[in-house]
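**Student:** Structure below; questions to follow.
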Amino acid sequence: MLGNILTGCSVLAPAGMLTELADGLDISIRTAGLLITFGAAVLCIGSPLTAWLTSRIERRTLLAATLAVMACANLASALAPGYASLLVIRMVMLAIGALYTPQAAGTTALIVPTEKRGSAIAYVFLGWSLAAAAGLPLITFIASHYGWRSAYGAAGAFGILCFLLVAWRLPEGLKGVPVDLKTWGALARNRTVVLLLLITTVQMSGQFVVFTFMGPLLSKLTHVGSDAVGLVFALYGIAGFVGVVIATRIVDRWGPYNTSVLATGCMLTGIAGWAVCAGNYAWMAVSVAIWGLGFASSNSMQQVRLVAAAPPLASASVSLNTSVLYIGQAVGSAIGGVLYGRDLLHGIGFVAMSFLTVAVILVILSRPRRAVCPAT
C-alpha cells in the first residue's frame, strides 16, 4: 500500500505543479502537461511488457527493486538540468515503475484467503487514494513554496522509506503464475475481461481530460491562488480515500458489480457538476469531492472483477488493466491539452462528462449473468 502511494505520487506529481514546472523550465503549461501524456504512454506499454518479463521473479525482490528505482529517479528528477532530461528520467522511471501496481495486487492475492481477496486488494489500492489525498496536495504546497525540485526530492526520500519497509516486511518465496503468449490469448478471448478493460480506458480518459490541467483550470476559471488549488486536490484525494474505505466495507456484501455502479455514478455526477459550475470555486470544489468518491474505488473494483473473471490469469489481467488505465490517462491528457491550448476551458468539463456517460453505460452492460438452475 505504501508502494502505491509512491507510485501514485510519481505518476501524478506533474499535475500538482504544472505552473511551477512551466515557469522553472521556461516552457508552456501544455508542454509541461506532456510529462503526464508521454509518461502514461510509457506506462501503458511497460505494464504488460514488464509483467511478461518479470513473471518468474520472486515478488519481494521484484517489488523492492522497483521501489528503489522510483526513489532514485525522483531524486535524479530534482537535479535535472532541463525539460528534456526531466522527461527522459520520468520515462525511464515509469517504464520500470509500471509493474508495481499490478504486481502488488497480484502479490496480495497470493497472501490472503479467497474470501478476503476483494477487501485486501481494495486496501492495497488505498495507496493511490492517499497519494491523491495527501501526496498531491503536499507536492503542490512544496512546489509552490520551495520549488518543484524540492517536491521531487521529497518524493525520492519517501521512496527510500518505502523500499526499506517492503524489503523488510514482505514474505519471501512468493511467485505468481508465469505469463506467456498463451496467457494474453486467453485474456483476449474472455469477453468479460475485454469489456472491463474498455471500461477502465473510458473512465480514465474522461477523468484526465480535466485532472491533468485541474490546477491551471481552477486558477484561470476562478482566479484563486496555489493554496486554494491545493485544497481542491486535497478534497479530491480525501474523498477518494473515503470512497475506497466505503468500497472495502461494502464490497463483500454488495458485490463488486454494484459497488462499481455506485463508484462510476459518483464520478459522472462530479464531472457533470464541474462542467456546469465552471467558474464558481465553491461548487467546483464540491463537484471534485463527489468525483473523488468514485475515482479510486472504481479502479479497485475493476481489479477485483478482473481477478474474479479469470483467477489463474490475475497477474496478467491486472497488468493489462493498469496498461489501459494509462492509455486512458494518455488519451485524456492529450485531449485536455488540445482544448486547453485552444483556450476552450469551459468545454473541457463537458468533453470529460461525455466519456463518463459512456463509462456508466458500459458498467451497466457488464452486469454478471445469473446462473440458470437446471430443471429437475
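As shown in the C-alpha cells, the chain order sets the letters A, B, ...; within each chain, residues go from 1, and ligands are also counted from 1 in the order they appear.
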Can you pull out the residues contacting A:Ala132? Cut-off 9 Å, using only C-alpha atoms, and skip same-chain residues under 3 positions away; I want them as an MDAnalysis selection string.

**Tutor:** chainID A and resid 5 8:9 12 127:129 135:137 233:238 240:241

**Student:** Can I get the selection written as a compact mmCIF listing (two decimals), in the first residue's frame, with C-alpha atoms?

**Tutor:**
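As a result, again18.txt now contains:
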```txt
# COMPACT_ATOMS: atom_id res chain seq x y z
CA ILE A 5 1.46 5.90 -2.52
CA GLY A 8 0.70 7.40 -7.37
CA CYS A 9 2.79 10.42 -6.39
CA LEU A 12 0.56 12.31 -10.70
CA GLY A 127 -2.22 3.87 -1.60
CA TRP A 128 -3.43 5.62 -4.74
CA SER A 129 -6.14 7.38 -2.74
CA GLY A 135 0.75 13.29 -1.56
CA LEU A 136 -0.52 15.52 -4.36
CA PRO A 137 -1.59 18.45 -2.13
CA PHE A 233 -6.53 18.45 -4.74
CA ALA A 234 -6.79 17.54 -1.05
CA LEU A 235 -10.59 17.30 -1.25
CA TYR A 236 -10.25 15.03 -4.28
CA GLY A 237 -7.81 12.75 -2.52
CA ILE A 238 -9.60 12.68 0.84
CA GLY A 240 -11.03 9.13 -2.81
CA PHE A 241 -9.73 7.70 0.44
```

**Student:** Just the residues within 12 Å of A:Leu87, please, counting only C-alpha atoms, with nothing from its chain fewer than 2 positions along; format it as a PyMOL selection string.

**Tutor:** chain A and resi 14+21+25+31-40+42+73-74+76-77+80-85+89-94

**Student:** Looking at only C-alpha atoms, which of A:Gly243, A:Gly97, A:Gly265, A:Pro368 is the one that sits closest to A:Leu49?

**Tutor:** A:Gly97

**Student:** Could you check which of A:Thr269, A:Thr101, A:Gln207, A:Thr61 is closest to A:Ile290, using only C-alpha atoms?

**Tutor:**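 Smallest distance to A:Ile290 is found for A:Thr269.
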
**Student:** Would you pick out the contacts of A:Leu138 at 10 Å or less, using only C-alpha atoms, so that residues sharing its chain but fewer than 2 positions from it are not included, and give the list as an MDAnalysis selection string?

**Tutor:** chainID A and resid 9 13 16 131:136 140:144 151 154 230:231 233:234

**Student:** Contacts of A:Tyr100 at 7 Å or less, counting only C-alpha atoms, minus same-chain residues fewer than 3 places along, as JSON, numbers by chain?

**Tutor:** {"A": [63, 66, 97, 103, 104]}

**Student:** Need to verify the contact set: A:Ser287, 8 Å, only C-alpha atoms, exclusion of same-chain residues closer than 5 positions in sequence. Can you return it as a ChimeraX atom specification?

**Tutor:** /A:269-274

**Student:** With only C-alpha atoms as the counted atoms, please give the residues lying no more than 8 Å from stretch 317-319 of chain A, apart from itself and same-chain residues fewer than 6 positions off, as an mmCIF file with all heavy atoms, in the first residue's frame.

**Tutor:**
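Below is the file that was written, selection-v7.cif:
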```cif
data_model
loop_
_atom_site.group_PDB
_atom_site.id
_atom_site.type_symbol
_atom_site.label_atom_id
_atom_site.label_comp_id
_atom_site.auth_asym_id
_atom_site.auth_seq_id
_atom_site.Cartn_x
_atom_site.Cartn_y
_atom_site.Cartn_z
ATOM 1 N N SER A 47 3.531 -1.788 -18.614
ATOM 2 C CA SER A 47 2.858 -2.646 -17.647
ATOM 3 C C SER A 47 2.752 -4.099 -18.111
ATOM 4 O O SER A 47 3.196 -5.010 -17.411
ATOM 5 C CB SER A 47 1.480 -2.075 -17.318
ATOM 6 O OG SER A 47 0.866 -2.827 -16.306
ATOM 7 N N PRO A 48 2.167 -4.388 -19.300
ATOM 8 C CA PRO A 48 2.121 -5.797 -19.728
ATOM 9 C C PRO A 48 3.486 -6.349 -20.095
ATOM 10 O O PRO A 48 3.760 -7.533 -19.888
ATOM 11 C CB PRO A 48 1.184 -5.765 -20.943
ATOM 12 C CG PRO A 48 1.257 -4.378 -21.452
ATOM 13 C CD PRO A 48 1.477 -3.509 -20.258
ATOM 14 N N ALA A 51 5.261 -7.216 -16.944
ATOM 15 C CA ALA A 51 4.593 -8.370 -16.328
ATOM 16 C C ALA A 51 5.070 -9.671 -16.971
ATOM 17 O O ALA A 51 5.277 -10.687 -16.292
ATOM 18 C CB ALA A 51 3.080 -8.235 -16.481
ATOM 19 N N LEU A 99 5.306 -1.794 -13.396
ATOM 20 C CA LEU A 99 4.953 -3.131 -12.920
ATOM 21 C C LEU A 99 4.490 -3.135 -11.463
ATOM 22 O O LEU A 99 3.904 -4.119 -11.006
ATOM 23 C CB LEU A 99 6.118 -4.099 -13.110
ATOM 24 C CG LEU A 99 7.430 -3.852 -12.340
ATOM 25 C CD1 LEU A 99 7.370 -4.425 -10.948
ATOM 26 C CD2 LEU A 99 8.595 -4.473 -13.114
ATOM 27 N N THR A 101 2.110 -1.524 -9.439
ATOM 28 C CA THR A 101 0.697 -1.615 -9.038
ATOM 29 C C THR A 101 0.070 -2.964 -9.378
ATOM 30 O O THR A 101 -0.554 -3.584 -8.501
ATOM 31 C CB THR A 101 -0.102 -0.459 -9.657
ATOM 32 O OG1 THR A 101 0.369 0.783 -9.100
ATOM 33 C CG2 THR A 101 -1.585 -0.592 -9.352
ATOM 34 N N PRO A 102 0.191 -3.459 -10.617
ATOM 35 C CA PRO A 102 -0.413 -4.776 -10.889
ATOM 36 C C PRO A 102 0.232 -5.900 -10.108
ATOM 37 O O PRO A 102 -0.455 -6.824 -9.656
ATOM 38 C CB PRO A 102 -0.216 -4.951 -12.399
ATOM 39 C CG PRO A 102 0.896 -4.033 -12.765
ATOM 40 C CD PRO A 102 0.760 -2.867 -11.841
ATOM 41 N N GLN A 103 1.539 -5.852 -9.937
ATOM 42 C CA GLN A 103 2.204 -6.930 -9.198
ATOM 43 C C GLN A 103 1.899 -6.853 -7.704
ATOM 44 O O GLN A 103 1.860 -7.884 -7.019
ATOM 45 C CB GLN A 103 3.715 -6.877 -9.439
ATOM 46 C CG GLN A 103 4.127 -7.124 -10.880
ATOM 47 C CD GLN A 103 3.599 -8.449 -11.417
ATOM 48 O OE1 GLN A 103 3.406 -9.407 -10.688
ATOM 49 N NE2 GLN A 103 3.344 -8.495 -12.723
ATOM 50 N N ALA A 105 -1.031 -5.954 -6.548
ATOM 51 C CA ALA A 105 -2.355 -6.575 -6.461
ATOM 52 C C ALA A 105 -2.252 -8.093 -6.585
ATOM 53 O O ALA A 105 -2.893 -8.841 -5.840
ATOM 54 C CB ALA A 105 -3.267 -6.015 -7.554
ATOM 55 N N GLY A 106 -1.445 -8.550 -7.538
ATOM 56 C CA GLY A 106 -1.271 -9.999 -7.714
ATOM 57 C C GLY A 106 -0.624 -10.646 -6.507
ATOM 58 O O GLY A 106 -0.992 -11.757 -6.104
ATOM 59 N N LEU A 187 -6.810 -14.212 -22.379
ATOM 60 C CA LEU A 187 -7.471 -12.998 -21.918
ATOM 61 C C LEU A 187 -8.237 -12.323 -23.048
ATOM 62 O O LEU A 187 -9.345 -11.812 -22.849
ATOM 63 C CB LEU A 187 -6.442 -12.026 -21.334
ATOM 64 C CG LEU A 187 -5.821 -12.419 -19.998
ATOM 65 C CD1 LEU A 187 -4.718 -11.443 -19.621
ATOM 66 C CD2 LEU A 187 -6.873 -12.471 -18.898
ATOM 67 N N VAL A 193 -13.425 -9.927 -19.528
ATOM 68 C CA VAL A 193 -12.156 -9.226 -19.318
ATOM 69 C C VAL A 193 -12.016 -8.064 -20.284
ATOM 70 O O VAL A 193 -11.648 -6.946 -19.900
ATOM 71 C CB VAL A 193 -10.971 -10.201 -19.456
ATOM 72 C CG1 VAL A 193 -9.648 -9.440 -19.510
ATOM 73 C CG2 VAL A 193 -10.956 -11.196 -18.297
ATOM 74 N N GLN A 303 -10.142 -4.087 -10.526
ATOM 75 C CA GLN A 303 -9.139 -5.107 -10.216
ATOM 76 C C GLN A 303 -9.798 -6.360 -9.643
ATOM 77 O O GLN A 303 -9.483 -7.483 -10.028
ATOM 78 C CB GLN A 303 -8.112 -4.562 -9.208
ATOM 79 C CG GLN A 303 -7.496 -3.227 -9.548
ATOM 80 C CD GLN A 303 -6.435 -3.316 -10.635
ATOM 81 O OE1 GLN A 303 -6.174 -4.362 -11.185
ATOM 82 N NE2 GLN A 303 -5.824 -2.195 -10.943
ATOM 83 N N LEU A 306 -11.698 -8.240 -12.349
ATOM 84 C CA LEU A 306 -10.789 -8.927 -13.270
ATOM 85 C C LEU A 306 -10.225 -10.199 -12.636
ATOM 86 O O LEU A 306 -10.133 -11.239 -13.298
ATOM 87 C CB LEU A 306 -9.652 -7.998 -13.681
ATOM 88 C CG LEU A 306 -10.007 -6.944 -14.732
ATOM 89 C CD1 LEU A 306 -8.930 -5.862 -14.785
ATOM 90 C CD2 LEU A 306 -10.175 -7.584 -16.108
ATOM 91 N N VAL A 307 -9.848 -10.114 -11.369
ATOM 92 C CA VAL A 307 -9.336 -11.298 -10.678
ATOM 93 C C VAL A 307 -10.403 -12.382 -10.640
ATOM 94 O O VAL A 307 -10.134 -13.563 -10.883
ATOM 95 C CB VAL A 307 -8.872 -10.931 -9.249
ATOM 96 C CG1 VAL A 307 -8.548 -12.190 -8.451
ATOM 97 C CG2 VAL A 307 -7.642 -10.025 -9.309
ATOM 98 N N ALA A 310 -11.050 -14.256 -14.170
ATOM 99 C CA ALA A 310 -10.075 -15.261 -14.617
ATOM 100 C C ALA A 310 -8.994 -15.389 -13.547
ATOM 101 O O ALA A 310 -7.882 -14.882 -13.718
ATOM 102 C CB ALA A 310 -9.461 -14.858 -15.957
#
```
